[in-house]
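*Asks:* Handing over start.txt, compact mmCIF, C-alpha atoms.
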```txt
# COMPACT_ATOMS: atom_id res chain seq x y z
CA MET A 1 12.86 14.19 60.95
CA SER A 2 16.30 15.06 59.64
CA GLY A 3 17.29 18.59 60.53
CA GLY A 4 14.08 19.35 62.42
CA PRO A 5 11.38 21.92 61.75
CA HIS A 6 13.67 24.97 61.72
CA ALA A 7 15.84 23.37 59.03
CA LYS A 8 12.76 22.45 57.01
CA LEU A 9 11.45 26.02 57.23
CA ALA A 10 14.84 27.35 56.11
CA GLU A 11 14.86 24.86 53.23
CA LEU A 12 11.46 26.28 52.19
CA GLY A 13 12.89 29.81 52.33
CA HIS A 14 11.00 30.79 55.50
CA ALA A 15 12.24 32.48 58.62
CA LEU A 16 9.88 32.48 61.55
CA PRO A 17 8.33 35.92 61.97
CA GLU A 18 8.14 37.81 65.24
CA VAL A 19 5.20 36.61 67.29
CA ALA A 20 2.18 38.66 66.24
CA ALA A 21 1.04 40.96 69.01
CA PRO A 22 -2.46 40.16 70.28
CA VAL A 23 -5.18 42.55 69.09
CA ALA A 24 -7.21 42.13 72.32
CA SER A 25 -6.96 40.61 75.83
CA TYR A 26 -5.28 37.24 75.30
CA VAL A 27 -1.87 35.63 74.84
CA PRO A 28 -0.57 34.14 71.56
CA ALA A 29 -0.35 30.59 72.98
CA VAL A 30 -0.75 28.67 76.23
CA GLN A 31 0.51 25.28 77.30
CA SER A 32 -1.68 22.97 79.35
CA GLY A 33 -0.11 19.60 80.04
CA GLN A 34 1.22 18.18 76.80
CA HIS A 35 -0.78 20.49 74.56
CA VAL A 36 -0.24 24.00 73.27
CA TYR A 37 -3.31 25.98 72.29
CA VAL A 38 -2.52 28.72 69.80
CA SER A 39 -4.85 31.72 69.75
CA GLY A 40 -6.38 32.80 66.47
CA GLN A 41 -3.66 33.93 64.09
CA LEU A 42 -4.34 36.52 61.41
CA PRO A 43 -2.22 37.02 58.29
CA MET A 44 0.01 39.64 59.91
CA ALA A 45 3.52 40.63 58.88
CA GLU A 46 5.58 43.24 60.69
CA GLY A 47 2.53 44.34 62.67
CA LYS A 48 0.33 44.87 59.62
CA LEU A 49 -2.54 42.86 58.18
CA LEU A 50 -1.50 41.66 54.70
CA ALA A 51 -5.00 41.95 53.19
CA THR A 52 -8.59 42.74 54.06
CA GLY A 53 -11.93 41.74 52.63
CA LYS A 54 -13.95 38.70 51.70
CA VAL A 55 -12.73 35.65 49.86
CA GLY A 56 -14.71 35.33 46.64
CA ALA A 57 -15.25 39.11 46.42
CA GLY A 58 -12.05 41.11 46.31
CA VAL A 59 -9.73 38.43 47.72
CA SER A 60 -8.92 35.56 45.37
CA VAL A 61 -8.73 31.94 46.47
CA GLU A 62 -4.99 31.82 45.71
CA GLN A 63 -4.35 35.01 47.69
CA ALA A 64 -6.41 33.64 50.58
CA LYS A 65 -4.47 30.36 50.48
CA ASP A 66 -1.23 32.37 50.74
CA LEU A 67 -2.73 34.30 53.66
CA ALA A 68 -3.60 31.02 55.42
CA HIS A 69 0.03 29.96 54.89
CA ARG A 70 1.11 33.19 56.62
CA CYS A 71 -1.30 32.50 59.49
CA ALA A 72 0.38 29.10 59.88
CA LEU A 73 3.85 30.70 59.99
CA ASN A 74 2.57 33.04 62.70
CA ALA A 75 1.20 30.06 64.63
CA LEU A 76 4.57 28.31 64.38
CA ALA A 77 6.26 31.45 65.72
CA ALA A 78 3.89 31.46 68.71
CA ILE A 79 4.59 27.77 69.38
CA ASP A 80 8.33 28.24 69.00
CA SER A 81 8.41 31.18 71.42
CA LEU A 82 6.53 29.18 74.06
CA VAL A 83 8.01 25.67 73.86
CA GLY A 84 10.27 25.42 70.80
CA LEU A 85 9.28 23.79 67.52
CA GLU A 86 11.65 20.91 68.20
CA ASN A 87 9.27 19.85 71.00
CA VAL A 88 6.23 19.48 68.72
CA VAL A 89 5.12 15.85 68.69
CA LYS A 90 1.97 16.28 66.60
CA ILE A 91 -0.20 18.96 65.04
CA VAL A 92 -3.49 17.77 66.53
CA LYS A 93 -6.19 20.15 65.28
CA LEU A 94 -6.37 23.11 62.93
CA THR A 95 -9.44 25.30 62.72
CA GLY A 96 -9.58 27.72 59.83
CA PHE A 97 -12.00 30.60 59.43
CA VAL A 98 -12.56 32.22 56.04
CA ALA A 99 -14.40 35.53 55.69
CA SER A 100 -16.56 34.45 52.78
CA ALA A 101 -18.56 36.32 50.19
CA PRO A 102 -22.14 35.04 49.75
CA GLY A 103 -22.08 31.78 47.83
CA PHE A 104 -18.36 31.09 48.39
CA THR A 105 -17.85 27.44 49.34
CA GLY A 106 -14.12 26.94 48.79
CA GLN A 107 -13.05 27.23 52.44
CA PRO A 108 -11.23 23.86 52.50
CA GLY A 109 -8.99 24.87 49.60
CA VAL A 110 -8.11 28.14 51.32
CA ILE A 111 -7.17 26.45 54.60
CA ASN A 112 -4.97 24.01 52.68
CA GLY A 113 -2.47 26.89 52.69
CA ALA A 114 -1.96 26.25 56.42
CA SER A 115 -2.40 22.46 56.36
CA ASP A 116 0.14 22.01 53.58
CA LEU A 117 2.78 24.00 55.48
CA PHE A 118 2.29 21.91 58.63
CA GLY A 119 2.54 18.71 56.60
CA THR A 120 5.70 19.85 54.84
CA VAL A 121 7.42 21.03 58.03
CA PHE A 122 6.45 18.12 60.30
CA GLY A 123 5.83 15.25 57.88
CA GLU A 124 3.47 12.63 59.30
CA ALA A 125 3.35 14.54 62.60
CA GLY A 126 1.90 17.47 60.66
CA ARG A 127 -1.20 15.55 59.56
CA HIS A 128 -4.09 16.80 61.64
CA ALA A 129 -7.82 16.92 62.23
CA ARG A 130 -9.33 20.07 60.75
CA SER A 131 -12.34 22.31 60.34
CA ALA A 132 -12.64 24.96 57.62
CA VAL A 133 -15.50 27.35 58.31
CA GLY A 134 -16.95 30.22 56.31
CA VAL A 135 -17.81 33.27 58.41
CA ALA A 136 -19.35 36.68 57.73
CA GLU A 137 -16.60 38.75 59.40
CA LEU A 138 -13.22 38.30 61.04
CA PRO A 139 -11.27 40.68 63.29
CA LEU A 140 -9.83 43.74 61.50
CA ASP A 141 -11.64 42.62 58.30
CA ALA A 142 -9.06 39.84 57.83
CA PRO A 143 -9.88 37.32 55.09
CA VAL A 144 -8.49 34.32 57.01
CA GLU A 145 -7.77 33.26 60.60
CA ILE A 146 -6.55 29.97 62.04
CA ASP A 147 -6.09 28.44 65.46
CA VAL A 148 -4.11 25.33 66.26
CA ILE A 149 -3.72 22.70 68.96
CA VAL A 150 -0.40 20.84 69.12
CA GLU A 151 0.93 18.04 71.27
CA VAL A 152 4.38 18.67 72.71
CA ALA A 153 7.01 16.56 74.45
```
The structure in this file should be written as structure tokens.

*Replies:*
Amino acid sequence: MSGGPHAKLAELGHALPEVAAPVASYVPAVQSGQHVYVSGQLPMAEGKLLATGKVGAGVSVEQAKDLAHRCALNALAAIDSLVGLENVVKIVKLTGFVASAPGFTGQPGVINGASDLFGTVFGEAGRHARSAVGVAELPLDAPVEIDVIVEVA
């Protein structure tokens, strides 16, 4: 890919954020062999959760999609700090969790906020397997959380 992932992020107007500090006993990402496993990433910016509540009741689908996008940026920051984005070979698996109001079934559209960013930044290597799951609650009352597995060189 011409210019690499950092150039693509800059082209999109994004700077990688600081790696979000864990909210419990874990590390942001670990490498095992040729894979990096990124811990659950919340929509944090500058140490603060960007929104709280349930999608479909207080948090709109568009807002939640933007929050998933932020989760993806945070995941990229964790990957970059561990191995460097230039070493990503493939986004393998994305799991997205959406704190959902009763009856809300639009989880896939919300998690597209993360999937679309990975596809834009990494092209074909950003296409991944995925799960989008509705849950009753997430840590800190976050509306969205993602975790990611990537293959690295």

*Asks:* For A:Glu151, which residue out of A:Val19, A:Val38, A:Ala64, A:Ala57 is the nearest one, using only C-alpha atoms?

*Replies:*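 With only C-alpha atoms as the atom set, the closest residue is A:Val38.
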
*Asks:* Would you give me, as a Markdown table, each residue of stretch 47-121 of chain A having an atom within 8 Å of an atom of stretch 130-137 of chain A, along with its shortest atom pair and that distance in Å to one decimal, using only C-alpha atoms and sorting by chain and residue number?

*Replies:*
```
| residue | atom | partner | partner_atom | distance |
| --- | --- | --- | --- | --- |
| A:Lys93 | CA | A:Arg130 | CA | 5.5 |
| A:Leu94 | CA | A:Arg130 | CA | 4.8 |
| A:Thr95 | CA | A:Ser131 | CA | 4.8 |
| A:Gly96 | CA | A:Ala132 | CA | 4.7 |
| A:Phe97 | CA | A:Val133 | CA | 4.9 |
| A:Val98 | CA | A:Gly134 | CA | 4.8 |
| A:Ala99 | CA | A:Val135 | CA | 4.9 |
| A:Ser100 | CA | A:Gly134 | CA | 5.5 |
| A:Ala101 | CA | A:Ala136 | CA | 7.6 |
| A:Thr105 | CA | A:Gly134 | CA | 7.6 |
| A:Gln107 | CA | A:Ala132 | CA | 5.7 |
| A:Pro108 | CA | A:Ala132 | CA | 5.4 |
| A:Ile111 | CA | A:Ala132 | CA | 6.4 |
```

*Asks:* Fewer than 4 positions away in the same chain doesn't count, so skip those; otherwise give me all residues within 12 Å of stretch 146-149 of chain A, counting all atoms listed in the file, as a PyMOL selection string.

*Replies:* chain A and resi 28-32+34-44+65+67-76+78-79+88-99+107+110-115+118+126+128-134+138-139+142

*Asks:* Would you work out the distance separating atom CA of A:Ala21 from atom CA of A:Leu140, expressed in Å to one decimal?

*Replies:*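 Taking atom CA of A:Ala21 as the start and atom CA of A:Leu140 as the end point, the length is 13.5 Å.
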
*Asks:* Using all atoms of stretch 97-116 of chain A that appear in the file, construct an axis-aligned enclosing box with 6 Å of padding on every side and provide its centre coordinates and edge lengths in Å, rounded to one decimal, as AutoDock Vina command-line options.

*Replies:*
```
--center_x -11.0 --center_y 29.2 --center_z 53.6 --size_x 34.3 --size_y 26.3 --size_z 23.6
```

*Asks:* Atom CA of A:Ala153 and atom CA of A:Gly13 are how many Å apart?

*Replies:*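 Taking atom CA of A:Ala153 as the start and atom CA of A:Gly13 as the end point, the length is 26.4 Å.
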
*Asks:* Have a look at A:Ser81, A:Asp141, A:Glu86, A:Gly106 and name the one nearest to A:Val61; count only C-alpha atoms.

*Replies:*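 For A:Val61, the nearest of the given residues is A:Gly106.
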
*Asks:* If I take atom CA of A:Val55 and atom CA of A:Pro102, how far is one from the other in Å, to one decimal?

*Replies:*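 The value is 9.4 Å.
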
*Asks:* Closest to A:Val152 among A:Gly58, A:Asp80, A:Gly119, A:Gly103, using all atoms listed in the file?

*Replies:*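 For A:Val152, the nearest of the given residues is A:Asp80.
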
*Asks:* Counting only C-alpha atoms, which residue out of A:Val83, A:Val150, A:Arg127, A:Val144 sits closest to A:Leu50?

*Replies:* A:Val144

*Asks:* Would you kindly return, as a VMD selection string, each protein, DNA or RNA residue with an atom no farther than 10 Å from any atom of A:Gly4, considering all atoms listed in the file and excluding same-chain residues fewer than 3 positions away?

*Replies:* chain A and resid 1 7 to 9 85 to 87 121 to 122
